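For reference, my_file.cif (mmCIF, C-alpha atoms):
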data_model
#
loop_
_atom_site.label_atom_id
_atom_site.label_comp_id
_atom_site.auth_asym_id
_atom_site.auth_seq_id
_atom_site.Cartn_x
_atom_site.Cartn_y
_atom_site.Cartn_z
CA MET A 1 19.93 -8.36 -21.55
CA ALA A 2 16.78 -9.80 -20.04
CA GLN A 3 16.06 -13.50 -20.18
CA GLN A 4 12.53 -14.02 -21.43
CA TRP A 5 9.90 -16.71 -21.04
CA PRO A 6 6.24 -16.44 -22.11
CA SER A 7 4.99 -13.37 -20.18
CA LEU A 8 7.70 -13.82 -17.54
CA ILE A 9 10.71 -11.48 -17.71
CA ILE A 10 13.66 -11.50 -15.35
CA TYR A 11 15.73 -8.32 -15.39
CA ASN A 12 19.30 -8.36 -14.14
CA TYR A 13 19.57 -4.56 -13.88
CA PRO A 14 17.48 -1.70 -12.43
CA MET A 15 14.13 -1.64 -14.20
CA THR A 16 12.41 1.32 -15.78
CA ILE A 17 8.86 2.07 -14.62
CA THR A 18 7.46 0.43 -17.76
CA GLN A 19 9.55 -2.70 -17.21
CA ALA A 20 8.45 -2.89 -13.57
CA ILE A 21 4.79 -2.65 -14.60
CA ASP A 22 5.26 -5.37 -17.22
CA TRP A 23 7.08 -7.59 -14.70
CA ARG A 24 4.45 -7.17 -11.99
CA TYR A 25 1.98 -9.98 -11.38
CA GLY A 26 -0.65 -10.43 -8.67
CA ALA A 27 0.71 -13.74 -7.38
CA LYS A 28 -1.87 -16.29 -6.28
CA LYS A 29 0.67 -18.50 -4.51
CA LEU A 30 3.81 -17.37 -2.71
CA ASP A 31 6.83 -19.39 -1.67
CA PRO A 32 6.79 -19.37 2.16
CA THR A 33 10.47 -20.42 2.31
CA LYS A 34 11.68 -17.19 0.69
CA LYS A 35 12.19 -14.10 2.83
CA ILE A 36 12.36 -10.59 1.38
CA PRO A 37 15.65 -8.85 2.30
CA GLU A 38 15.18 -6.02 4.78
CA GLU A 39 16.72 -3.46 2.42
CA LYS A 40 13.99 -4.17 -0.14
CA ILE A 41 11.26 -3.95 2.51
CA LYS A 42 12.57 -0.54 3.57
CA ILE A 43 12.42 0.76 -0.01
CA ILE A 44 8.85 -0.51 -0.45
CA LEU A 45 7.69 0.98 2.86
CA GLU A 46 9.34 4.32 2.12
CA ALA A 47 7.45 4.50 -1.18
CA ALA A 48 4.16 3.92 0.65
CA ARG A 49 5.07 6.40 3.39
CA LYS A 50 6.06 9.14 0.96
CA ALA A 51 2.99 8.81 -1.26
CA PRO A 52 1.13 12.08 -1.91
CA SER A 53 -2.22 12.91 -0.38
CA SER A 54 -4.68 15.76 -0.64
CA ASN A 55 -3.57 18.69 1.55
CA ASN A 56 -0.81 16.35 2.76
CA PHE A 57 -3.25 14.79 5.26
CA GLN A 58 -1.51 11.37 5.02
CA PRO A 59 -4.53 9.70 6.68
CA TRP A 60 -2.97 6.25 6.95
CA LYS A 61 -0.90 3.87 9.02
CA ILE A 62 1.27 1.10 7.59
CA ILE A 63 1.28 -2.11 9.63
CA VAL A 64 3.92 -4.71 8.74
CA VAL A 65 3.27 -8.32 9.76
CA GLU A 66 6.01 -10.91 9.34
CA ASP A 67 5.47 -13.20 12.32
CA ARG A 68 4.47 -16.53 10.77
CA GLU A 69 1.99 -17.44 13.51
CA LEU A 70 0.26 -14.07 13.17
CA LEU A 71 0.12 -14.44 9.38
CA VAL A 72 -1.58 -17.82 9.76
CA GLU A 73 -4.01 -16.34 12.31
CA LEU A 74 -4.91 -13.55 9.87
CA GLN A 75 -5.54 -15.88 6.93
CA PRO A 76 -9.15 -16.80 7.86
CA ALA A 77 -9.95 -13.09 8.25
CA ALA A 78 -8.74 -12.62 4.66
CA ASN A 79 -11.33 -15.08 3.34
CA ASN A 80 -8.73 -17.82 3.73
CA GLN A 81 -6.58 -16.57 0.87
CA GLU A 82 -3.54 -18.80 1.17
CA LYS A 83 -1.03 -16.15 0.11
CA VAL A 84 -1.61 -14.44 3.48
CA GLY A 85 -0.18 -17.42 5.34
CA GLN A 86 2.55 -17.86 2.72
CA ALA A 87 3.71 -14.23 2.59
CA SER A 88 7.13 -13.07 3.66
CA HIS A 89 5.43 -9.89 4.87
CA LEU A 90 1.80 -8.79 5.01
CA ILE A 91 1.22 -5.05 4.73
CA VAL A 92 -1.98 -3.70 6.24
CA LEU A 93 -2.78 -0.19 5.08
CA ALA A 94 -5.14 1.35 7.61
CA SER A 95 -6.99 4.63 7.15
CA LEU A 96 -7.82 7.32 9.71
CA LYS A 97 -11.38 6.76 10.91
CA LYS A 98 -12.08 10.15 12.48
CA LEU A 99 -10.47 13.54 11.97
CA ASP A 100 -10.09 15.94 14.89
CA GLN A 101 -8.43 19.28 15.59
CA GLU A 102 -5.54 17.62 17.43
CA TYR A 103 -4.55 15.73 14.25
CA ILE A 104 -4.68 18.95 12.23
CA ASP A 105 -2.67 20.94 14.78
CA TYR A 106 0.03 18.26 14.89
CA LEU A 107 0.30 18.18 11.08
CA VAL A 108 0.65 21.97 10.96
CA LYS A 109 3.26 21.84 13.74
CA ILE A 110 5.51 19.27 12.04
CA THR A 111 5.12 21.11 8.71
CA ALA A 112 6.40 24.30 10.33
CA GLU A 113 9.30 22.43 11.94
CA LYS A 114 10.33 20.56 8.78
CA ARG A 115 10.27 23.71 6.68
CA ASN A 116 11.70 26.01 9.35
CA LEU A 117 8.69 28.30 9.22
CA PRO A 118 7.00 30.30 11.99
CA LEU A 119 3.84 28.51 13.08
CA GLU A 120 1.67 31.57 12.56
CA SER A 121 2.65 31.69 8.86
CA LEU A 122 0.70 28.46 8.32
CA GLU A 123 -2.61 29.72 9.67
CA GLY A 124 -4.13 29.65 6.20
CA TYR A 125 -3.02 26.04 5.81
CA ARG A 126 -4.55 25.20 9.19
CA ASN A 127 -7.84 26.78 8.14
CA SER A 128 -7.82 24.82 4.89
CA LEU A 129 -7.29 21.57 6.79
CA SER A 130 -9.95 22.46 9.33
CA ARG A 131 -12.62 22.69 6.65
CA SER A 132 -12.50 18.90 6.47
CA LEU A 133 -13.94 18.83 10.00
CA ASN A 134 -17.25 19.73 8.35
CA LYS A 135 -17.41 16.36 6.58
CA THR A 136 -19.78 13.80 8.03
CA PRO A 137 -18.01 10.86 9.72
CA GLU A 138 -19.07 8.62 6.83
CA ALA A 139 -17.80 11.07 4.21
CA TRP A 140 -14.47 11.48 6.00
CA ALA A 141 -13.96 7.71 6.37
CA ALA A 142 -14.68 7.14 2.66
CA TRP A 143 -12.36 10.00 1.65
CA ALA A 144 -9.53 8.80 3.91
CA LYS A 145 -9.79 5.30 2.47
CA GLN A 146 -9.56 6.71 -1.07
CA GLN A 147 -6.41 8.59 -0.08
CA THR A 148 -4.93 5.43 1.41
CA PHE A 149 -5.24 3.72 -1.96
CA ILE A 150 -2.79 6.29 -3.35
CA SER A 151 -0.24 4.90 -0.90
CA LEU A 152 -1.15 1.41 -2.12
CA GLY A 153 -0.31 2.38 -5.70
CA PHE A 154 3.13 3.65 -4.72
CA LEU A 155 3.74 0.49 -2.68
CA LEU A 156 2.83 -1.81 -5.59
CA LEU A 157 5.08 0.02 -8.04
CA ALA A 158 8.02 0.05 -5.62
CA ALA A 159 7.59 -3.67 -4.97
CA ALA A 160 7.64 -4.38 -8.70
CA ALA A 161 10.76 -2.27 -9.15
CA GLU A 162 12.42 -4.40 -6.45
CA GLU A 163 11.16 -7.61 -8.14
CA VAL A 164 9.03 -8.45 -5.11
CA ASP A 165 5.59 -9.91 -5.74
CA ALA A 166 2.75 -7.95 -4.17
CA GLY A 167 -0.84 -9.15 -4.03
CA PRO A 168 -3.36 -6.51 -2.90
CA MET A 169 -6.55 -7.80 -1.27
CA GLY A 170 -9.82 -5.99 -0.70
CA GLY A 171 -11.69 -9.19 0.07
CA PHE A 172 -11.25 -9.54 3.84
CA LYS A 173 -13.12 -8.99 7.10
CA PRO A 174 -11.93 -5.57 8.36
CA ALA A 175 -13.41 -5.94 11.84
CA GLU A 176 -11.67 -9.27 12.35
CA VAL A 177 -8.34 -8.01 11.02
CA ASP A 178 -8.62 -4.94 13.25
CA ARG A 179 -9.36 -7.11 16.29
CA ILE A 180 -6.36 -9.40 15.69
CA LEU A 181 -3.97 -6.49 15.17
CA GLY A 182 -5.45 -4.31 17.94
CA LEU A 183 -6.54 -1.62 15.49
CA ASP A 184 -10.03 -1.73 16.96
CA LYS A 185 -8.61 0.15 19.95
CA THR A 186 -7.18 2.92 17.73
CA ASN A 187 -8.47 5.61 15.38
CA TYR A 188 -7.39 3.55 12.34
CA GLY A 189 -9.16 0.78 10.44
CA SER A 190 -7.77 -1.66 7.89
CA ALA A 191 -8.44 -0.52 4.31
CA VAL A 192 -6.47 -2.98 2.18
CA LEU A 193 -4.06 -5.88 2.64
CA VAL A 194 -0.96 -6.60 0.55
CA ALA A 195 0.85 -9.94 0.63
CA LEU A 196 4.54 -9.51 -0.20
CA GLY A 197 6.82 -12.35 -1.18
CA TYR A 198 8.11 -14.33 -4.13
CA ARG A 199 5.85 -16.19 -6.53
CA ASP A 200 5.69 -19.94 -6.14
CA GLU A 201 6.91 -21.91 -9.15
CA ALA A 202 3.69 -23.94 -8.92
CA ASP A 203 1.59 -20.83 -9.60
CA LYS A 204 0.42 -21.66 -13.12
CA TYR A 205 -1.05 -18.20 -13.65
CA ALA A 206 2.32 -16.45 -13.23
CA LYS A 207 3.45 -17.30 -16.79
CA LEU A 208 0.24 -16.30 -18.55
CA PRO A 209 0.11 -13.08 -20.60
CA LYS A 210 -1.41 -9.98 -19.02
CA VAL A 211 -4.98 -9.24 -20.09
CA ARG A 212 -5.70 -5.51 -20.18
CA TRP A 213 -7.97 -3.29 -22.25
CA SER A 214 -6.13 -1.88 -25.25
CA ALA A 215 -5.04 1.76 -25.07
CA ASP A 216 -7.72 2.68 -27.61
CA GLU A 217 -10.41 1.06 -25.48
CA VAL A 218 -9.49 2.59 -22.15
CA ILE A 219 -7.77 5.92 -22.92
CA ASP A 220 -9.97 8.77 -24.13
CA ARG A 221 -7.88 11.76 -25.22
CA ARG A 222 -9.64 15.06 -25.86
#
Please express the file's structure as structure tokens.
Amino acid sequence: MAQQWPSLIIYNYPMTITQAIDWRYGAKKLDPTKKIPEEKIKIILEAARKAPSSNNFQPWKIIVVEDRELLVELQPAANNQEKVGQASHLIVLASLKKLDQEYIDYLVKITAEKRNLPLESLEGYRNSLSRSLNKTPEAWAAWAKQQTFISLGFLLLAAAAEEVDAGPMGGFKPAEVDRILGLDKTNYGSAVLVALGYRDEADKYAKLPKVRWSADEVIDRR
């Protein structure tokens, strides 16, 4: 059975999805002395990697930062949110800035290889992908970032299932984060940050009840 405190539940067995959602909390303070086991990190990263995307574009990169000095260096670029410097791991989800034919051709190639199909049988798929080349650079960048947030959702749920605290952050300076991590020299740009770790016992908000709209207020069934 679970041991229960006000709004804080500790499960001693694999959680259901509902239990993981109820357990999850966006920690404000993390305990910098606690390191997430590598096997848990692998599960969380696999969930993010295997997230679905439109046309299977997968327009993201997953950068994992665990070097303490680098975490501290990144903290000012994240509006000085202290959980960045306290995190066991910081995940930077970066989205593809510009689509080109080379990216499309490579995706078609690995799809054929994985599914043991002749390359020419995927010409319709290639044509479907290539239609995205007609997007303006701004439209593509916005779309790719939206897709990357699907990966974020899978990451957050996997972290909760592993009883790892995950704090997503949209309030940061992308250009500064990209410069520190060298992303500014690539075709990817930081879209969202996630601090992973274990909640600090001094985080007073961790034991407060969740505040969410009621089902009647937010769900409209027709």
ask   = Which residues come within 10 Å of segment 72-79 of chain A, counting all atoms listed in the file, excluding same-chain residues fewer than 4 positions away, as a list in words?
value =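 Once the nearby chain positions are removed, what remains is Val65, Asp67, Arg68, Lys83, Val84, Gly85, Gln86, Ala87, Leu90, Met169, Gly170, Gly171, Phe172, Lys173, Pro174, Ala175, Glu176, Val177, Asp178, Ile180, Leu181 and Leu193 of chain A.
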Residue IDs satisfying the PyMOL selection byres ((chain A and resi 36-43) around 7), as a PDB file with C-alpha atoms, in the frame of the given file:
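Done, and the output landed in result39.pdb:
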ATOM      1  CA  LYS A  34      11.680 -17.190   0.690  1.00  0.00           C
ATOM      2  CA  LYS A  35      12.190 -14.100   2.830  1.00  0.00           C
ATOM      3  CA  ILE A  44       8.850  -0.510  -0.450  1.00  0.00           C
ATOM      4  CA  LEU A  45       7.690   0.980   2.860  1.00  0.00           C
ATOM      5  CA  GLU A  46       9.340   4.320   2.120  1.00  0.00           C
ATOM      6  CA  ALA A  47       7.450   4.500  -1.180  1.00  0.00           C
ATOM      7  CA  SER A  88       7.130 -13.070   3.660  1.00  0.00           C
ATOM      8  CA  GLU A 162      12.420  -4.400  -6.450  1.00  0.00           C
ATOM      9  CA  GLY A 197       6.820 -12.350  -1.180  1.00  0.00           C
TER      10      GLY A 197
END
ask   = Could you spell out the hits of the PyMOL selection byres ((chain A and resi 99) around 12) on the shown file, as an MDAnalysis selection string?
value = chainID A and resid 57:60 95:98 100:107 129:141 143:144 187:188
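When only C-alpha atoms are used to measure the gap to Ser121 of chain A, the shortest distance among A:Val211, A:Val108, A:Leu157, A:Ala191 belongs to A:Val108.
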request  = Could you please determine the separation between atom CA of Ile62 of chain A and atom CA of Ala195 of chain A in Å, to one decimal place?
outcome  = 13.1 Å
query = Which residues, written as a list in words, have at least one atom at most 8 Å from Ala161 of chain A, with all atoms listed in the file counted and residues fewer than 4 positions away on the same chain left out?
reply = Pro14, Met15, Thr16, Ile17, Ala20 and Leu157 of chain A
Given only C-alpha atoms as the counted atoms, nearest of A:Ala166, A:Ala112, A:Ala142, A:Val218 to Ile21 of chain A =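 Closest to Ile21 of chain A, using only C-alpha atoms: A:Ala166.
Near Gly26 of chain A, within 12 Å and counting all atoms listed in the file, sit Ile21, Asp22, Trp23, Lys29, Leu30, Lys83, Leu156, Leu157, Ala159, Ala160, Val164, Asp165, Ala166, Gly167, Pro168, Met169, Val194, Ala195, Leu196, Gly197, Tyr198, Arg199, Asp200, Asp203, Tyr205, Ala206, Lys207, Leu208 and Lys210 of chain A; same-chain residues fewer than 3 positions away were not included.
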Can you list, as a PDB file with C-alpha atoms, in the coordinates of the input, every protein, DNA or RNA residue that comes within 7 Å of segment 48-50 of chain A when you count only C-alpha atoms, leaving out same-chain residues fewer than 4 positions away?
ATOM      1  CA  ILE A  44       8.850  -0.510  -0.450  1.00  0.00           C
ATOM      2  CA  SER A 151      -0.240   4.900  -0.900  1.00  0.00           C
ATOM      3  CA  LEU A 152      -1.150   1.410  -2.120  1.00  0.00           C
ATOM      4  CA  PHE A 154       3.130   3.650  -4.720  1.00  0.00           C
ATOM      5  CA  LEU A 155       3.740   0.490  -2.680  1.00  0.00           C
TER       6      LEU A 155
END
inquiry  = To one decimal place in Å, what is the distance between atom CA of Ile91 of chain A and atom CA of Ser190 of chain A?
reply    = 10.1 Å
ask   = Which distance in Å separates atom CA of Asp216 of chain A and atom CA of Gln147 of chain A, to one decimal?
value =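 Answer for the atom CA of Asp216 of chain A to atom CA of Gln147 of chain A separation: 28.2 Å.
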Please define a box with edges along x, y and z of the file around all atoms of segment 205-210 of chain A given in the file, extend it by 8 Å on each side, and return its centre and edge lengths in Å to one decimal, as AutoDock Vina command-line options.
--center_x 1.0 --center_y -14.1 --center_z -16.9 --size_x 20.9 --size_y 24.2 --size_z 23.4
